[in-house]
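Trainee: TSV, C-alpha atoms, file my_file-v2.tsv:
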```tsv
chain	number	residue	atom	x	y	z
X	1	MET	CA	113.53	134.78	69.74
X	2	ASN	CA	115.51	137.96	69.30
X	3	LYS	CA	113.22	139.76	71.70
X	4	LYS	CA	114.04	137.31	74.50
X	5	ILE	CA	117.76	137.60	73.92
X	6	MET	CA	117.56	141.34	73.95
X	7	LEU	CA	115.59	141.43	77.18
X	8	VAL	CA	118.14	139.14	78.83
X	9	LEU	CA	120.97	141.37	77.66
X	10	ILE	CA	119.29	144.50	78.96
X	11	THR	CA	118.72	142.86	82.33
X	12	ILE	CA	122.38	141.86	82.54
X	13	VAL	CA	123.53	145.39	81.72
X	14	LEU	CA	121.24	146.94	84.32
X	15	LEU	CA	122.35	144.50	86.97
X	16	SER	CA	126.00	145.07	86.19
X	17	CYS	CA	125.54	148.82	86.48
X	18	ASN	CA	124.01	148.46	89.88
X	19	PHE	CA	126.89	146.22	90.90
X	20	LEU	CA	129.52	148.69	89.74
X	21	PHE	CA	127.73	151.74	91.13
X	22	PRO	CA	125.84	150.56	94.19
X	23	ILE	CA	123.16	152.77	95.64
X	24	ASP	CA	123.77	154.07	99.17
X	25	LYS	CA	121.96	152.05	101.77
X	26	ALA	CA	119.45	153.77	103.99
X	27	PRO	CA	119.90	153.89	107.79
X	28	ALA	CA	118.64	150.77	109.47
X	29	GLN	CA	117.50	151.43	112.99
X	30	ALA	CA	115.16	153.86	114.66
X	31	PRO	CA	116.56	156.05	117.45
X	32	ASP	CA	115.29	155.95	120.95
X	33	VAL	CA	114.91	159.66	121.54
X	34	ALA	CA	113.71	160.97	124.85
X	35	GLU	CA	114.06	164.05	126.96
X	36	PRO	CA	117.17	163.85	129.11
X	37	THR	CA	117.12	163.88	132.87
X	38	GLN	CA	119.86	163.98	135.43
X	39	SER	CA	121.06	160.57	136.47
X	40	SER	CA	119.19	159.47	139.53
X	41	SER	CA	120.62	157.86	142.61
X	42	GLN	CA	118.85	155.30	144.66
X	43	PRO	CA	121.35	154.51	147.35
X	44	ASN	CA	120.76	151.85	149.90
X	45	GLU	CA	119.46	152.83	153.26
X	46	ASN	CA	122.00	154.17	155.70
X	47	SER	CA	122.51	150.98	157.64
X	48	THR	CA	125.02	148.37	158.53
X	49	SER	CA	124.97	145.17	156.58
X	50	ALA	CA	124.74	141.81	158.33
X	51	LEU	CA	126.98	139.98	155.87
X	52	PRO	CA	129.36	137.72	157.77
X	53	GLY	CA	132.99	138.70	158.28
X	54	PHE	CA	132.77	142.32	157.30
X	55	THR	CA	130.67	145.42	157.84
X	56	LEU	CA	129.02	147.51	155.15
X	57	VAL	CA	127.74	151.04	155.80
X	58	ARG	CA	126.38	153.64	153.39
X	59	LEU	CA	126.56	157.31	154.32
X	60	HIS	CA	124.33	160.09	152.97
X	61	PRO	CA	124.98	163.85	152.90
X	62	GLU	CA	121.81	164.61	154.86
X	63	ASP	CA	123.23	162.64	157.79
X	64	GLY	CA	125.90	165.22	158.54
X	65	ASP	CA	129.46	166.30	157.82
X	66	LEU	CA	131.37	163.66	155.92
X	67	GLN	CA	134.64	164.08	157.77
X	68	ALA	CA	132.94	163.76	161.15
X	69	MET	CA	130.98	160.74	159.98
X	70	LEU	CA	134.08	159.06	158.60
X	71	ALA	CA	135.92	159.58	161.88
X	72	ASN	CA	132.96	158.13	163.73
X	73	GLU	CA	132.79	155.10	161.43
X	74	ALA	CA	136.56	154.59	161.72
X	75	GLN	CA	136.17	154.40	165.50
X	76	LYS	CA	133.37	151.85	165.13
X	77	ALA	CA	135.59	149.81	162.82
X	78	ASP	CA	138.39	149.94	165.36
X	79	ALA	CA	136.03	148.76	168.08
X	80	LEU	CA	135.12	145.78	165.91
X	81	GLY	CA	138.74	145.08	165.06
X	82	GLN	CA	138.07	145.80	161.39
X	83	ILE	CA	139.85	147.88	158.75
X	84	PRO	CA	137.92	151.00	157.64
X	85	VAL	CA	137.76	151.45	153.87
X	86	VAL	CA	135.80	154.04	151.87
X	87	GLU	CA	134.30	152.97	148.52
X	88	PHE	CA	132.87	155.41	145.96
X	89	ASP	CA	130.21	153.86	143.73
X	90	ALA	CA	127.01	154.72	141.80
X	91	THR	CA	123.75	153.08	140.84
X	92	TRP	CA	124.52	153.47	137.10
X	93	CYS	CA	127.90	151.73	137.34
X	94	PRO	CA	127.69	148.08	136.16
X	95	PRO	CA	131.07	147.05	137.65
X	96	CYS	CA	130.06	148.47	141.05
X	97	ILE	CA	126.78	146.57	140.97
X	98	ALA	CA	128.57	143.39	139.90
X	99	ILE	CA	130.80	143.55	142.98
X	100	ASP	CA	127.78	144.14	145.23
X	101	ALA	CA	126.03	141.19	143.62
X	102	ALA	CA	129.04	138.94	144.22
X	103	LEU	CA	129.06	139.92	147.89
X	104	GLU	CA	125.32	139.56	148.30
X	105	SER	CA	125.44	136.11	146.75
X	106	ARG	CA	128.03	135.28	149.41
X	107	ASN	CA	130.66	134.27	146.94
X	108	GLU	CA	133.32	132.47	148.96
X	109	LEU	CA	136.28	134.16	147.28
X	110	MET	CA	134.77	137.59	147.85
X	111	LEU	CA	133.79	136.91	151.44
X	112	LYS	CA	137.34	135.76	152.19
X	113	ALA	CA	138.81	138.85	150.56
X	114	TYR	CA	136.46	141.23	152.38
X	115	ALA	CA	136.80	139.51	155.78
X	116	GLY	CA	137.67	141.98	158.52
X	117	ILE	CA	136.79	145.02	156.40
X	118	TYR	CA	134.55	147.90	157.50
X	119	LEU	CA	133.33	149.18	154.14
X	120	ILE	CA	131.91	152.71	154.04
X	121	LYS	CA	130.06	153.29	150.76
X	122	LEU	CA	129.57	156.76	149.27
X	123	ASP	CA	127.40	157.28	146.17
X	124	VAL	CA	129.09	159.81	143.87
X	125	ASP	CA	125.69	161.11	142.72
X	126	GLU	CA	124.93	162.04	146.31
X	127	TRP	CA	128.30	163.37	147.33
X	128	GLY	CA	129.39	164.93	144.07
X	129	TRP	CA	132.20	164.25	141.68
X	130	ASP	CA	134.04	167.20	140.25
X	131	ASN	CA	135.70	165.14	137.52
X	132	GLY	CA	138.74	164.68	139.70
X	133	GLY	CA	137.37	163.25	142.92
X	134	PHE	CA	135.70	164.48	146.05
X	135	GLN	CA	137.35	166.55	148.78
X	136	ASP	CA	140.73	164.91	149.48
X	137	PHE	CA	139.68	161.71	147.71
X	138	ARG	CA	141.08	162.01	144.18
X	139	PHE	CA	139.89	159.54	141.54
X	140	ASP	CA	138.86	159.41	137.91
X	141	ALA	CA	136.77	156.23	137.80
X	142	ILE	CA	134.62	154.07	140.04
X	143	PRO	CA	134.53	151.78	141.90
X	144	VAL	CA	137.46	153.09	143.91
X	145	TYR	CA	138.58	152.19	147.45
X	146	PHE	CA	140.49	154.27	149.99
X	147	LYS	CA	141.84	153.09	153.32
X	148	ILE	CA	141.22	155.67	156.05
X	149	ASN	CA	142.81	156.25	159.45
X	150	ALA	CA	141.18	156.69	162.84
X	151	GLN	CA	140.48	160.36	162.09
X	152	GLY	CA	138.64	159.47	158.88
X	153	HIS	CA	141.38	160.76	156.57
X	154	GLN	CA	142.60	158.67	153.71
X	155	THR	CA	145.94	157.01	154.27
X	156	GLY	CA	147.04	157.23	150.64
X	157	GLU	CA	146.36	153.55	150.03
X	158	VAL	CA	143.93	153.38	147.13
X	159	ILE	CA	142.81	150.88	144.51
X	160	ASP	CA	140.23	151.01	141.72
X	161	GLY	CA	138.64	148.69	139.17
X	162	GLY	CA	141.61	149.16	136.87
X	163	ALA	CA	143.49	146.74	139.11
X	164	TRP	CA	141.60	143.81	137.64
X	165	ASN	CA	140.03	143.00	134.30
X	166	GLU	CA	136.62	141.48	133.88
X	167	ASP	CA	134.41	141.90	136.91
X	168	ILE	CA	134.29	138.35	138.19
X	169	PRO	CA	135.15	137.17	141.71
X	170	GLU	CA	138.10	135.15	140.41
X	171	ASN	CA	139.69	138.39	139.23
X	172	ILE	CA	138.53	140.74	141.95
X	173	ALA	CA	139.04	138.70	145.12
X	174	PRO	CA	142.82	138.14	144.96
X	175	VAL	CA	143.48	141.80	144.17
X	176	MET	CA	141.20	143.10	146.90
X	177	ASP	CA	142.55	140.56	149.40
X	178	GLU	CA	146.03	141.89	148.69
X	179	PHE	CA	144.87	145.49	149.04
X	180	PHE	CA	142.87	144.91	152.23
X	181	HIS	CA	145.20	142.52	154.01
X	182	GLY	CA	148.48	142.65	152.22
X	183	THR	CA	148.16	138.97	151.31
X	184	SER	CA	147.02	137.07	148.24
D	1	MET	CA	111.07	155.21	82.59
D	2	GLU	CA	109.88	151.65	81.86
D	3	GLU	CA	107.41	152.95	79.32
D	4	GLU	CA	110.12	154.95	77.61
D	5	ILE	CA	112.35	151.90	77.36
D	6	GLU	CA	109.48	149.84	76.04
D	7	ARG	CA	108.68	152.44	73.37
D	8	PHE	CA	112.35	152.64	72.50
D	9	LEU	CA	112.57	148.86	72.11
D	10	CYS	CA	109.42	148.72	70.03
D	11	ALA	CA	110.70	151.42	67.75
D	12	TRP	CA	113.92	149.55	67.16
D	13	MET	CA	112.06	146.31	66.58
D	14	HIS	CA	109.67	147.99	64.20
D	15	MET	CA	112.57	149.42	62.24
D	16	LYS	CA	114.13	145.92	62.07
D	17	LEU	CA	117.59	147.30	62.59
D	18	HIS	CA	120.69	145.17	62.67
D	19	PHE	CA	120.88	143.19	65.94
D	20	PRO	CA	124.51	144.04	66.97
D	21	SER	CA	123.77	147.71	66.41
D	22	PHE	CA	120.76	147.45	68.61
D	23	VAL	CA	122.74	145.79	71.43
D	24	LEU	CA	125.45	148.44	71.25
D	25	ALA	CA	122.89	151.21	71.35
D	26	MET	CA	121.18	149.63	74.35
D	27	LEU	CA	124.46	149.31	76.19
D	28	LEU	CA	125.18	152.98	75.69
D	29	PHE	CA	121.65	153.97	76.61
D	30	THR	CA	121.41	151.93	79.80
D	31	SER	CA	124.88	152.96	80.90
D	32	THR	CA	123.97	156.60	80.48
D	33	VAL	CA	120.65	156.28	82.29
D	34	SER	CA	121.63	153.96	85.13
D	35	CYS	CA	125.27	154.58	85.83
D	36	THR	CA	125.69	158.33	85.84
D	37	PRO	CA	126.13	159.55	89.45
D	38	ASP	CA	124.12	162.50	90.67
D	39	LEU	CA	126.46	165.40	90.18
D	40	ALA	CA	123.99	168.06	91.19
D	41	SER	CA	125.42	168.33	94.71
D	42	PRO	CA	129.08	167.42	94.89
D	43	GLN	CA	130.27	165.87	98.14
D	44	SER	CA	131.91	168.36	100.47
D	45	GLN	CA	134.47	168.10	103.22
D	46	PRO	CA	132.92	167.79	106.70
D	47	ILE	CA	132.59	171.05	108.59
D	48	SER	CA	133.68	170.90	112.21
D	49	LEU	CA	131.04	172.47	114.44
D	50	ALA	CA	132.30	171.79	117.97
D	51	SER	CA	134.52	169.53	120.01
D	52	PHE	CA	135.04	169.00	123.69
D	53	THR	CA	136.30	166.52	126.25
D	54	GLU	CA	134.27	165.77	129.32
D	55	ASN	CA	134.57	162.89	131.76
D	56	TYR	CA	137.47	161.51	129.74
D	57	VAL	CA	135.54	161.11	126.47
D	58	ASP	CA	136.49	163.20	123.41
D	59	VAL	CA	133.48	164.35	121.39
D	60	SER	CA	133.77	165.82	117.91
D	61	ILE	CA	130.66	167.22	116.20
D	62	TYR	CA	130.58	167.95	112.49
D	63	LEU	CA	128.36	168.42	109.48
D	64	GLU	CA	128.79	166.50	106.26
D	65	SER	CA	126.99	165.87	102.99
D	66	ASP	CA	126.91	162.92	100.66
D	67	SER	CA	127.07	162.85	96.87
D	68	ARG	CA	123.31	163.26	96.68
D	69	GLY	CA	123.30	166.49	98.63
D	70	ASN	CA	121.90	164.94	101.80
D	71	TYR	CA	123.20	166.54	104.97
D	72	SER	CA	123.90	164.85	108.26
D	73	LEU	CA	125.01	165.97	111.69
D	74	SER	CA	127.55	163.57	113.14
D	75	ALA	CA	129.26	163.13	116.49
D	76	THR	CA	132.27	160.92	117.10
D	77	PHE	CA	132.68	159.78	120.69
D	78	THR	CA	136.16	158.56	121.64
D	79	PRO	CA	136.45	157.02	125.12
D	80	PRO	CA	139.76	156.19	126.83
D	81	ASP	CA	141.62	153.05	125.79
D	82	GLY	CA	139.83	149.90	126.90
D	83	TYR	CA	136.57	151.73	127.53
D	84	HIS	CA	133.27	151.24	125.71
D	85	LEU	CA	130.12	153.30	125.24
D	86	TYR	CA	126.53	152.11	125.49
D	87	SER	CA	124.03	151.63	122.65
D	88	LYS	CA	121.97	154.59	121.49
D	89	ASP	CA	118.93	152.35	121.92
D	90	ILE	CA	119.06	151.66	125.66
D	91	PRO	CA	116.71	153.78	127.82
D	92	LEU	CA	117.91	157.21	128.90
D	93	ASP	CA	117.99	156.09	132.52
D	94	GLY	CA	119.78	152.86	131.64
D	95	VAL	CA	118.76	149.22	131.88
D	96	ASP	CA	117.69	148.59	135.46
D	97	GLY	CA	119.37	151.93	136.14
D	98	LEU	CA	122.70	150.75	134.71
D	99	GLY	CA	124.56	152.55	131.92
D	100	ARG	CA	123.50	155.54	129.85
D	101	PRO	CA	122.83	155.66	126.08
D	102	THR	CA	125.07	157.39	123.58
D	103	LEU	CA	122.91	160.08	121.99
D	104	LEU	CA	123.08	162.99	119.58
D	105	GLU	CA	119.83	164.97	119.65
D	106	LEU	CA	118.40	168.29	118.63
D	107	THR	CA	116.82	170.45	121.31
D	108	ASN	CA	113.41	172.09	121.23
D	109	GLU	CA	115.20	175.34	120.39
D	110	SER	CA	116.95	173.91	117.35
D	111	HIS	CA	116.38	175.49	113.91
D	112	ILE	CA	117.53	172.51	111.88
D	113	LYS	CA	115.07	169.74	111.12
D	114	VAL	CA	115.64	166.01	111.43
D	115	LYS	CA	115.03	164.10	108.17
D	116	GLY	CA	115.73	160.56	109.29
D	117	GLU	CA	116.80	158.22	112.00
D	118	LEU	CA	119.90	158.35	114.16
D	119	THR	CA	122.41	155.80	112.87
D	120	GLU	CA	125.51	154.28	114.42
D	121	SER	CA	128.89	153.44	112.89
D	122	LEU	CA	129.18	150.23	114.92
D	123	LYS	CA	126.62	147.66	115.87
D	124	ALA	CA	126.02	147.39	119.61
D	125	GLN	CA	126.49	143.97	121.17
D	126	GLU	CA	125.25	142.00	124.14
D	127	PRO	CA	127.65	142.39	127.07
D	128	ASN	CA	129.25	139.39	128.75
D	129	PHE	CA	127.57	140.35	132.02
D	130	GLU	CA	124.01	140.85	133.23
D	131	PRO	CA	121.72	142.43	132.24
D	132	LYS	CA	122.16	141.28	128.65
D	133	GLU	CA	119.83	144.06	127.46
D	134	LEU	CA	122.52	146.57	128.37
D	135	LEU	CA	123.92	146.70	124.82
D	136	VAL	CA	127.43	148.08	124.43
D	137	TYR	CA	129.51	149.19	121.47
D	138	PRO	CA	132.89	147.52	120.97
D	139	PRO	CA	135.67	149.33	122.89
D	140	GLY	CA	136.83	152.47	121.11
D	141	ALA	CA	135.28	155.30	119.14
D	142	VAL	CA	131.75	155.30	117.75
D	143	THR	CA	130.07	157.80	115.45
D	144	LEU	CA	126.38	158.67	115.47
D	145	SER	CA	124.81	160.47	112.50
D	146	LEU	CA	121.53	162.32	112.22
D	147	PRO	CA	120.17	163.13	108.73
D	148	LEU	CA	118.88	166.67	108.69
D	149	GLU	CA	117.62	169.57	106.64
D	150	LEU	CA	119.76	172.68	106.79
D	151	PRO	CA	118.22	176.12	106.92
D	152	SER	CA	118.08	177.77	103.51
D	153	GLY	CA	120.08	180.82	102.61
D	154	ASN	CA	123.64	181.99	102.70
D	155	ASN	CA	123.95	182.73	106.41
D	156	TRP	CA	125.22	180.84	109.42
D	157	VAL	CA	122.67	180.44	112.21
D	158	ASN	CA	123.11	179.78	115.91
D	159	ASP	CA	121.77	176.44	117.04
D	160	GLU	CA	122.10	173.88	119.80
D	161	ILE	CA	122.21	170.13	120.24
D	162	LYS	CA	122.20	167.66	123.13
D	163	ILE	CA	124.86	165.05	123.86
D	164	THR	CA	124.59	162.03	126.18
D	165	TYR	CA	127.08	159.25	126.88
D	166	MET	CA	128.86	157.19	129.51
D	167	ALA	CA	132.12	155.25	129.26
D	168	CYS	CA	132.99	152.10	131.16
D	169	SER	CA	135.63	149.41	130.96
D	170	ALA	CA	135.12	145.83	132.08
D	171	SER	CA	135.77	146.87	135.67
D	172	GLN	CA	135.25	150.61	136.13
D	173	CYS	CA	133.24	153.58	134.88
D	174	LYS	CA	133.68	157.26	134.20
D	175	PRO	CA	130.77	159.49	135.23
D	176	PRO	CA	127.98	159.92	132.67
D	177	VAL	CA	127.28	163.07	130.67
D	178	VAL	CA	123.52	163.46	130.23
D	179	GLY	CA	121.80	165.99	127.98
D	180	LYS	CA	124.80	168.30	127.71
D	181	ILE	CA	123.79	171.31	125.59
D	182	ILE	CA	126.31	172.25	122.90
D	183	LEU	CA	125.99	175.57	121.07
D	184	ILE	CA	126.86	175.37	117.39
D	185	ARG	CA	126.71	177.57	114.29
D	186	VAL	CA	125.09	175.88	111.31
D	187	PRO	CA	125.57	177.01	107.70
D	188	GLY	CA	122.66	177.55	105.36
D	189	THR	CA	122.55	175.33	102.30
D	190	GLY	CA	124.01	178.14	100.24
D	191	VAL	CA	127.23	178.32	102.19
D	192	PHE	CA	127.80	174.66	102.96
D	193	ASN	CA	130.40	174.32	100.24
D	194	ARG	CA	132.10	177.56	101.25
D	195	PRO	CA	132.88	177.03	104.95
D	196	GLN	CA	134.12	180.04	106.88
```
What do you get writing this file as structure tokens?

Mentor:
Amino acid sequence: MNKKIMLVLITIVLLSCNFLFPIDKAPAQAPDVAEPTQSSSQPNENSTSALPGFTLVRLHPEDGDLQAMLANEAQKADALGQIPVVEFDATWCPPCIAIDAALESRNELMLKAYAGIYLIKLDVDEWGWDNGGFQDFRFDAIPVYFKINAQGHQTGEVIDGGAWNEDIPENIAPVMDEFFHGTS
Amino acid sequence: MEEEIERFLCAWMHMKLHFPSFVLAMLLFTSTVSCTPDLASPQSQPISLASFTENYVDVSIYLESDSRGNYSLSATFTPPDGYHLYSKDIPLDGVDGLGRPTLLELTNESHIKVKGELTESLKAQEPNFEPKELLVYPPGAVTLSLPLELPSGNNWVNDEIKITYMACSASQCKPPVVGKIILIRVPGTGVFNRPQ
């Protein structure tokens, strides 16, 4: 009888010690370690999109001088009666891809906001990003949009993803409509 | 240890000692055996090894030890307000190319040896956008820790580590930093408690 009582008491003491002085827990998850590589870019082909109401072009460095190409695209936009806008994006940027997906799915709000826009896309992995922008385009996050004039120079009108919150058409479309057209 | 306790109990039983005395003795014994912390390697203050800011994320790298004398290399990543970092467990080239993991790694040239798995101070969560596999940490700072074995001796040795991360908010991203090599000086075990 006494033996049982004593064993119970010992167990209680040991348990209470562990409660008062808990042992450190070991790490839980295994790391996913791999050799690093530079982020890759897989930009779309240099072509004009057929989405209704606006034009989408992607430019690549191997196609020539950026300033000359921007001037050329601005003239094409003018000929179409559209507003030329430069967008910097990247393949690793979830918000950029979310906007593309909303346009490709022909979201009505987005199509209305982008109507009459000649969008010239530049991948920052292709064109470079010196932590403060690229050439006379200054920015610290993407996606970012610059209006350009007929000579391909930015007009000073710029907007980035910080202008809206979560990347959903209901948030993006009114802001971009205001930026593109001056209406909401 | 179990055998010792059993022998101890048997001895007391055999001697038929007074029961309250036995209980008191057992309390003292078990408290001494089970509750005394390991004082062989007292916990030290973390030693700062390097810090830098790149692409708007502050990174602080330091060495620390626990009360058991285990060492770990840690890095605290602090993105801008409203920005988050991505899980250490997503692929290096992202999920479907999106995002970049937060990583603290040794290089092939490193002298220190890894003793365990990379751990995170916060649990990564599913994002509220697709792809759901693109796990993100809650907005704000996150610390990764790598258990390691320091070189022996009383000298500091040159070493290097690799840092990877990318910060995004709900609607924009800063550029990623991938495999950035950071040169550090690591103390031998003999000097850990006497930082320069």

Trainee: Let me make sure I understand: among X:Asn149, X:Asn171, X:Thr155, X:Gln82, which one has the smallest atom-to-atom distance to chain D if we use all atoms listed in the file?

Mentor: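 Selected residue with least distance to chain D: X:Asn171.
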
Trainee: To one decimal place, how far is CA of Val158 (chain X) from CA of Phe179 (chain X) in Å?

Mentor: 8.2 Å

Trainee: Between D:Gly69, D:Pro147, D:Pro79, D:Gly99, single out the one closest to Glu54 (chain D), counting all atoms listed in the file.

Mentor: D:Pro79

Trainee: So, with all atoms listed in the file as the atoms that count, which of X:Ile83, X:Ile148, X:Ile99, X:Leu122 lies closest to chain D?

Mentor: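 Ranked by minimum distance to chain D, first place goes to X:Ile99.
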
Trainee: Let me make sure I understand: among D:Thr143, D:Ser110, D:Ser67, D:Gln125, which one has the smallest atom-to-atom distance to Asn158 (chain D) if we use all atoms listed in the file?

Mentor: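 Of D:Thr143, D:Ser110, D:Ser67, D:Gln125, the one nearest Asn158 (chain D) is D:Ser110, counting all atoms listed in the file.
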
Trainee: With a distance threshold of 6 Å and counting all atoms listed in the file, extract the residues of chain D near chain X and express them as number ranges by chain.

Mentor: D: 35, 89, 97-99, 117-119, 170-174, 179

Trainee: Tell me which protein, DNA and RNA residues are within 10 Å of Leu183 (chain D), counting all atoms listed in the file, leaving out same-chain ones fewer than 6 positions away, and put them as number ranges by chain.

Mentor: D: 49-50, 110, 158-162

Trainee: Do you have the CA of Tyr137 (chain D)-CA of Val59 (chain D) distance handy?

Mentor: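 Between CA of Tyr137 (chain D) and CA of Val59 (chain D) the gap is 15.7 Å.
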